[in-house]
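In what follows, a single structure is set out as structure tokens and then discussed.
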Amino acid sequence: MDFSYRRVLVTGAAGFIGFHLCKRLLASGVAVMGLDCLNDYYDVRLKENRLKQLTEDARFTFFKADLADRSAMEDIFRPAGIDVVVNLAAQAGVRYSLTNPHAYVDANIVGFVNLLECCRHAQVGHLVFASSSSVYGANTNMPFSVHHNVDHPVSLYAASKKCNELMAHTYSHLYGMHCTGLRFFTVYGPWGRPDMALFLFTKAILEDRPIQVFNHGRMQRDFTYIDDIVEGVVRVMGRLPQPDPHWTGAAPDPGTSYTAYRVYNIGNNQPVALMDFIGAIEGALGKTARKEFLDLQPGDVPATYADIDDLVQDVGFKPDTPIQEGIARFIAWYRGYYGC
């Protein structure tokens with residue numbers, strides 16, 4: 001990849017996706033500023049161990065800060081020269097939003113406004129920010145397209161991500177900022193989050209505990225391997241969004257705009273049934289899971305499926321890592337990391 005930028009700020013740098021993106025950028029010769037508050041939503045030691053790998057590179061500079069801390073954010077942005085900001089910092093998790101709503105308002109809404117203001121005043125060339133497949137909410141028209149309406153979220157997490165998209169569009173309209181939103185679809189792989197299904201299932205199976213199978217197994221997810229996510233992010237970083245000359249207020253397209261704003265799905269474009277996903281884990285572990293079948297949880301949706309035509313057309317990339325290969329890589333990492 002031919003980078004046209006030399007200094008990038010990645011928020012959520014100690015997180016799952018942020019860590020892998022930072023590694024990729026550093027390997028490509030890019031100076032990376034990493035920001036993370038290292039909150040305790042999940043095991044901080046995992047975040048610290050990711051961060052330890054990054055700080056071994058002299059081109060990586062780390063800032064421990066919270067997006068919601070406006071004065072800390074202003075201090076970080078005060079020196080000039082940030083070419084691209086990739087915002088991956090957020091309070092994640094659909095189910096956690098049911099019991100801790102204020103965490104989502106603070107991190108995903110207040111924090112994102114602070115980031116937009118900092119990018120505006122620092123004249124950052126391109127803001128790329130993580131949205132989520134969760135924004136499709138009650139929509140059942142599949143595959144999910146960025147050109148579909150997403151006005152019916154079913155969790156506060158999804159609503160906060162939709163809010164990010166709306167705020168970024170507003171700043172693009174008002175201040176001419178180049179903003180690109182990325183709707184990630186169920187990311188998995190080595191160094192993954194402990195609250196995600198692959199991690200939870202693997203840990204439980206190895207410990208001879210039952211796994212919780214929601215909606216009685218009648219779920220589908222567009223599982224997307226981490227390397228594919230990072231490749232998509234990197235390609236989008238190097239492509240400034242352009243106004244859509246065909247956009248009209250009489251029939252507004254949700255996926256494009258009259259201003260320098262775009263949204264893309266990044267997904268594998270191949271939804272996998274939950275029971276097949278579990279079967280692939282069992283196969284890789286050589287062990288059968290004990291299953292506890294439960295109802296669909298509030299805030300969850302039965303299926304996700306990404307339409308990635310716009311991503312393919314604009315940046316020439318289509319995620320394609322098979323689920324069996326991705327799961328095998330995760331389990332190899334898990335066994336090595338935890339010594340089991």
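Identifiers for the structure tokens are assigned positionally: chains receive A, B, ... in sequence, residues are indexed from 1 per chain, and ligands are indexed from 1 in the order shown.
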Determine, for each residue of segment 168-232 of chain A having at least one atom at most 7 Å from an atom of segment 126-137 of chain A, the closest pair of atoms and their separation in Å to one decimal, counting only C-alpha atoms; order by chain and ascending number, as JSON lines.
```
{"residue": "A:His178", "atom": "CA", "partner": "A:His126", "partner_atom": "CA", "distance": 5.0}
{"residue": "A:Cys179", "atom": "CA", "partner": "A:Leu127", "partner_atom": "CA", "distance": 4.8}
{"residue": "A:Thr180", "atom": "CA", "partner": "A:Val128", "partner_atom": "CA", "distance": 4.8}
{"residue": "A:Gly181", "atom": "CA", "partner": "A:Phe129", "partner_atom": "CA", "distance": 5.0}
{"residue": "A:Leu182", "atom": "CA", "partner": "A:Ala130", "partner_atom": "CA", "distance": 5.0}
{"residue": "A:Arg183", "atom": "CA", "partner": "A:Ser132", "partner_atom": "CA", "distance": 4.1}
{"residue": "A:Phe184", "atom": "CA", "partner": "A:Ser132", "partner_atom": "CA", "distance": 4.9}
{"residue": "A:Phe185", "atom": "CA", "partner": "A:Ser133", "partner_atom": "CA", "distance": 5.3}
```
Write to file, as a tab-separated table (two decimals), in the first residue's frame, the residues of the selection just made, with all heavy atoms.
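Output file selection-v9.tsv follows:
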```tsv
chain	number	residue	atom	x	y	z
A	178	HIS	N	-13.38	15.77	5.77
A	178	HIS	CA	-13.50	14.49	5.09
A	178	HIS	C	-13.71	13.41	6.14
A	178	HIS	O	-12.84	13.16	6.97
A	178	HIS	CB	-12.24	14.19	4.28
A	178	HIS	CG	-12.06	15.06	3.08
A	178	HIS	ND1	-11.48	16.31	3.14
A	178	HIS	CD2	-12.42	14.86	1.77
A	178	HIS	CE1	-11.47	16.85	1.93
A	178	HIS	NE2	-12.04	15.99	1.08
A	179	CYS	N	-14.88	12.77	6.10
A	179	CYS	CA	-15.24	11.78	7.12
A	179	CYS	C	-15.74	10.49	6.46
A	179	CYS	O	-16.61	10.54	5.58
A	179	CYS	CB	-16.35	12.32	8.04
A	179	CYS	SG	-15.90	13.80	8.98
A	180	THR	N	-15.20	9.37	6.93
A	180	THR	CA	-15.63	8.06	6.43
A	180	THR	C	-15.98	7.15	7.59
A	180	THR	O	-15.15	6.93	8.48
A	180	THR	CB	-14.53	7.39	5.58
A	180	THR	OG1	-14.13	8.28	4.53
A	180	THR	CG2	-15.05	6.08	4.99
A	181	GLY	N	-17.20	6.62	7.59
A	181	GLY	CA	-17.63	5.69	8.62
A	181	GLY	C	-17.55	4.26	8.12
A	181	GLY	O	-17.86	3.98	6.95
A	182	LEU	N	-17.12	3.35	9.00
A	182	LEU	CA	-16.97	1.95	8.64
A	182	LEU	C	-17.85	1.09	9.54
A	182	LEU	O	-17.65	1.06	10.76
A	182	LEU	CB	-15.51	1.52	8.77
A	182	LEU	CG	-14.52	2.31	7.92
A	182	LEU	CD1	-13.09	1.85	8.20
A	182	LEU	CD2	-14.84	2.16	6.43
A	183	ARG	N	-18.78	0.38	8.94
A	183	ARG	CA	-19.66	-0.51	9.69
A	183	ARG	C	-19.05	-1.91	9.70
A	183	ARG	O	-19.10	-2.63	8.70
A	183	ARG	CB	-21.06	-0.53	9.07
A	183	ARG	CG	-21.77	0.82	9.18
A	183	ARG	CD	-23.08	0.84	8.42
A	183	ARG	NE	-23.73	2.14	8.53
A	183	ARG	CZ	-24.78	2.53	7.80
A	183	ARG	NH1	-25.30	1.69	6.90
A	183	ARG	NH2	-25.30	3.73	7.97
A	184	PHE	N	-18.42	-2.25	10.82
A	184	PHE	CA	-17.76	-3.55	10.97
A	184	PHE	C	-18.79	-4.64	11.27
A	184	PHE	O	-19.72	-4.42	12.04
A	184	PHE	CB	-16.73	-3.52	12.09
A	184	PHE	CG	-15.61	-2.54	11.88
A	184	PHE	CD1	-15.09	-1.83	12.96
A	184	PHE	CD2	-15.05	-2.34	10.64
A	184	PHE	CE1	-14.04	-0.95	12.80
A	184	PHE	CE2	-13.99	-1.45	10.46
A	184	PHE	CZ	-13.50	-0.76	11.53
A	185	PHE	N	-18.55	-5.82	10.72
A	185	PHE	CA	-19.42	-6.97	10.94
A	185	PHE	C	-18.66	-8.04	11.72
A	185	PHE	O	-17.71	-8.63	11.22
A	185	PHE	CB	-19.91	-7.54	9.61
A	185	PHE	CG	-21.04	-6.77	8.99
A	185	PHE	CD1	-20.84	-5.48	8.49
A	185	PHE	CD2	-22.32	-7.31	8.91
A	185	PHE	CE1	-21.88	-4.76	7.93
A	185	PHE	CE2	-23.37	-6.59	8.35
A	185	PHE	CZ	-23.15	-5.31	7.86
```
Exercise. Which neighbours of segment 308-321 of chain A fall inside 9 Å, counting only C-alpha atoms, when residues of the same chain fewer than 4 positions from it are skipped, and could you give them as a list of chain:residue names?
Worked result: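 The residues that qualify are A:Pro143, A:Phe144, A:Ser145, A:Val146, A:Thr224, A:Tyr225, A:Asp227, A:Asp228, A:Ile229, A:Glu231, A:Gly232, A:Arg235, A:Val236, A:Arg239, A:Val263, A:Tyr264, A:Asn265, A:Ile266, A:Gly267, A:Asn268, A:Asn269, A:Gln270, A:Glu325, A:Gly326.
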Can you write out the residues you just picked, keeping C-alpha atoms, as a PDB file, in the first residue's frame?
```pdb
ATOM      1  CA  PRO A 143     -27.798  -8.229   2.654  1.00  0.00           C
ATOM      2  CA  PHE A 144     -27.508  -5.025   4.680  1.00  0.00           C
ATOM      3  CA  SER A 145     -26.582  -2.164   2.361  1.00  0.00           C
ATOM      4  CA  VAL A 146     -25.237   1.263   3.279  1.00  0.00           C
ATOM      5  CA  THR A 224     -15.073 -11.048   9.493  1.00  0.00           C
ATOM      6  CA  TYR A 225     -11.438 -11.929  10.161  1.00  0.00           C
ATOM      7  CA  ASP A 227      -6.747  -9.055   8.880  1.00  0.00           C
ATOM      8  CA  ASP A 228      -9.558  -8.379   6.417  1.00  0.00           C
ATOM      9  CA  ILE A 229     -10.905  -5.608   8.632  1.00  0.00           C
ATOM     10  CA  GLU A 231      -6.926  -4.217   5.106  1.00  0.00           C
ATOM     11  CA  GLY A 232     -10.262  -2.512   4.525  1.00  0.00           C
ATOM     12  CA  ARG A 235      -7.445   1.165   2.010  1.00  0.00           C
ATOM     13  CA  VAL A 236     -10.198   3.531   3.105  1.00  0.00           C
ATOM     14  CA  ARG A 239      -9.103   7.429  -0.116  1.00  0.00           C
ATOM     15  CA  VAL A 263     -20.118   5.031   4.841  1.00  0.00           C
ATOM     16  CA  TYR A 264     -18.908   1.502   4.016  1.00  0.00           C
ATOM     17  CA  ASN A 265     -19.685  -1.983   5.255  1.00  0.00           C
ATOM     18  CA  ILE A 266     -16.680  -4.194   5.974  1.00  0.00           C
ATOM     19  CA  GLY A 267     -17.905  -7.765   6.257  1.00  0.00           C
ATOM     20  CA  ASN A 268     -17.089 -11.176   4.874  1.00  0.00           C
ATOM     21  CA  ASN A 269     -20.241 -11.148   2.716  1.00  0.00           C
ATOM     22  CA  GLN A 270     -20.887 -14.765   3.761  1.00  0.00           C
ATOM     23  CA  GLU A 325      -9.042 -20.730   8.702  1.00  0.00           C
ATOM     24  CA  GLY A 326      -9.757 -17.712  10.896  1.00  0.00           C
TER      25      GLY A 326
END
```
Problem set entry | Met167 of chain A surroundings by only C-alpha atoms, 10 Å radius, close-in-sequence under 3 positions cut, as a ChimeraX atom specification | /A:109,112-113,116,161-164,170-173
Exercise. Quick one: DSSP strand (DSSP E) residues in segment 175-285 of chain A, as a ChimeraX atom specification?
Worked result: /A:179-184,187-188,211-213,220-221,224-225,261-266,272-273
Exercise. Residues at most 7 Å from segment 328-338 of chain A, counting only C-alpha atoms, excluding those fewer than 2 positions away in the same chain, as a count of residues only?
Worked result: 7
For this session: Go through A:Asp36, A:Glu56, A:Glu207, A:Asp69 one by one, measure the shortest atom-to-atom distance of each to Ala90 of chain A using only C-alpha atoms, and give the residue with the smallest value.
Result: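 For Ala90 of chain A, the nearest of the given residues is A:Asp36.
Across A:Pro252, A:Val272, A:Thr99, A:Glu117, the tightest approach to Leu67 of chain A is made by A:Glu117 when counting only C-alpha atoms.
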For this session: Go through A:Met73, A:Val234, A:Ala68, A:Leu25 one by one, measure the shortest atom-to-atom distance of each to Gly111 of chain A using only C-alpha atoms, and give the residue with the smallest value.
Result: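 Smallest separation from Gly111 of chain A among the options: A:Ala68.
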Problem set entry | Neighbour list for Thr248 of chain A as JSON, numbers by chain, cut-off 12 Å, only C-alpha atoms, skip fewer than 5 positions in-chain | {"A": [243, 253, 254, 256, 257, 258, 259]}
Rows by chain and residue number, segment 171-249 of chain A within 9 Å of segment 289-293 of chain A, shortest pair, only C-alpha atoms, as CSV:
```
residue,atom,partner,partner_atom,distance
A:Phe201,CA,A:Ala289,CA,8.2
A:Ala204,CA,A:Ala289,CA,8.2
A:Ile205,CA,A:Ala289,CA,5.5
A:Leu206,CA,A:Ala289,CA,8.8
A:Asp208,CA,A:Arg290,CA,7.7
A:Arg209,CA,A:Arg290,CA,6.9
A:Pro210,CA,A:Arg290,CA,4.5
A:Ile211,CA,A:Lys291,CA,5.1
A:Gln212,CA,A:Glu292,CA,4.9
A:Val213,CA,A:Phe293,CA,4.8
A:Phe214,CA,A:Phe293,CA,6.0
A:Asn215,CA,A:Phe293,CA,7.3
A:His216,CA,A:Phe293,CA,4.8
A:Gly217,CA,A:Phe293,CA,7.0
```
Please produce an output containing N, CA, C and O atoms for each residue in the selection, written as a JSON list (two decimals), in the first residue's frame.
```json
[["chain", "number", "residue", "atom", "x", "y", "z"],
["A", 201, "PHE", "N", -16.72, -19.04, 23.79],
["A", 201, "PHE", "CA", -16.94, -20.45, 23.48],
["A", 201, "PHE", "C", -15.66, -21.27, 23.66],
["A", 201, "PHE", "O", -15.68, -22.35, 24.24],
["A", 204, "ALA", "N", -14.85, -21.68, 27.41],
["A", 204, "ALA", "CA", -15.79, -22.57, 28.08],
["A", 204, "ALA", "C", -15.57, -24.03, 27.68],
["A", 204, "ALA", "O", -15.57, -24.94, 28.52],
["A", 205, "ILE", "N", -15.37, -24.28, 26.40],
["A", 205, "ILE", "CA", -15.17, -25.65, 25.93],
["A", 205, "ILE", "C", -13.91, -26.25, 26.54],
["A", 205, "ILE", "O", -13.90, -27.40, 27.01],
["A", 206, "LEU", "N", -12.84, -25.48, 26.56],
["A", 206, "LEU", "CA", -11.58, -25.98, 27.13],
["A", 206, "LEU", "C", -11.69, -26.21, 28.64],
["A", 206, "LEU", "O", -10.98, -27.06, 29.18],
["A", 208, "ASP", "N", -14.46, -27.26, 30.07],
["A", 208, "ASP", "CA", -15.57, -28.21, 30.26],
["A", 208, "ASP", "C", -16.81, -27.55, 30.87],
["A", 208, "ASP", "O", -17.54, -28.18, 31.64],
["A", 209, "ARG", "N", -17.06, -26.31, 30.49],
["A", 209, "ARG", "CA", -18.28, -25.62, 30.92],
["A", 209, "ARG", "C", -19.22, -25.50, 29.72],
["A", 209, "ARG", "O", -18.77, -25.42, 28.58],
["A", 210, "PRO", "N", -20.53, -25.44, 29.96],
["A", 210, "PRO", "CA", -21.47, -25.29, 28.84],
["A", 210, "PRO", "C", -21.36, -23.91, 28.20],
["A", 210, "PRO", "O", -21.01, -22.93, 28.87],
["A", 211, "ILE", "N", -21.63, -23.84, 26.92],
["A", 211, "ILE", "CA", -21.68, -22.55, 26.23],
["A", 211, "ILE", "C", -23.14, -22.12, 26.11],
["A", 211, "ILE", "O", -24.04, -22.96, 26.02],
["A", 212, "GLN", "N", -23.37, -20.82, 26.13],
["A", 212, "GLN", "CA", -24.72, -20.28, 25.98],
["A", 212, "GLN", "C", -24.99, -20.02, 24.51],
["A", 212, "GLN", "O", -24.30, -19.22, 23.86],
["A", 213, "VAL", "N", -26.00, -20.68, 23.98],
["A", 213, "VAL", "CA", -26.36, -20.57, 22.56],
["A", 213, "VAL", "C", -27.69, -19.83, 22.47],
["A", 213, "VAL", "O", -28.75, -20.40, 22.76],
["A", 214, "PHE", "N", -27.63, -18.58, 22.07],
["A", 214, "PHE", "CA", -28.83, -17.75, 22.09],
["A", 214, "PHE", "C", -29.71, -17.97, 20.86],
["A", 214, "PHE", "O", -29.26, -18.45, 19.82],
["A", 215, "ASN", "N", -30.97, -17.62, 21.02],
["A", 215, "ASN", "CA", -32.00, -17.83, 20.00],
["A", 215, "ASN", "C", -32.05, -19.30, 19.58],
["A", 215, "ASN", "O", -32.39, -19.62, 18.44],
["A", 216, "HIS", "N", -31.70, -20.18, 20.53],
["A", 216, "HIS", "CA", -31.74, -21.63, 20.31],
["A", 216, "HIS", "C", -30.93, -22.04, 19.06],
["A", 216, "HIS", "O", -31.28, -22.99, 18.37],
["A", 217, "GLY", "N", -29.87, -21.27, 18.82],
["A", 217, "GLY", "CA", -28.98, -21.58, 17.71],
["A", 217, "GLY", "C", -29.40, -21.02, 16.38],
["A", 217, "GLY", "O", -28.66, -21.13, 15.39]]
```
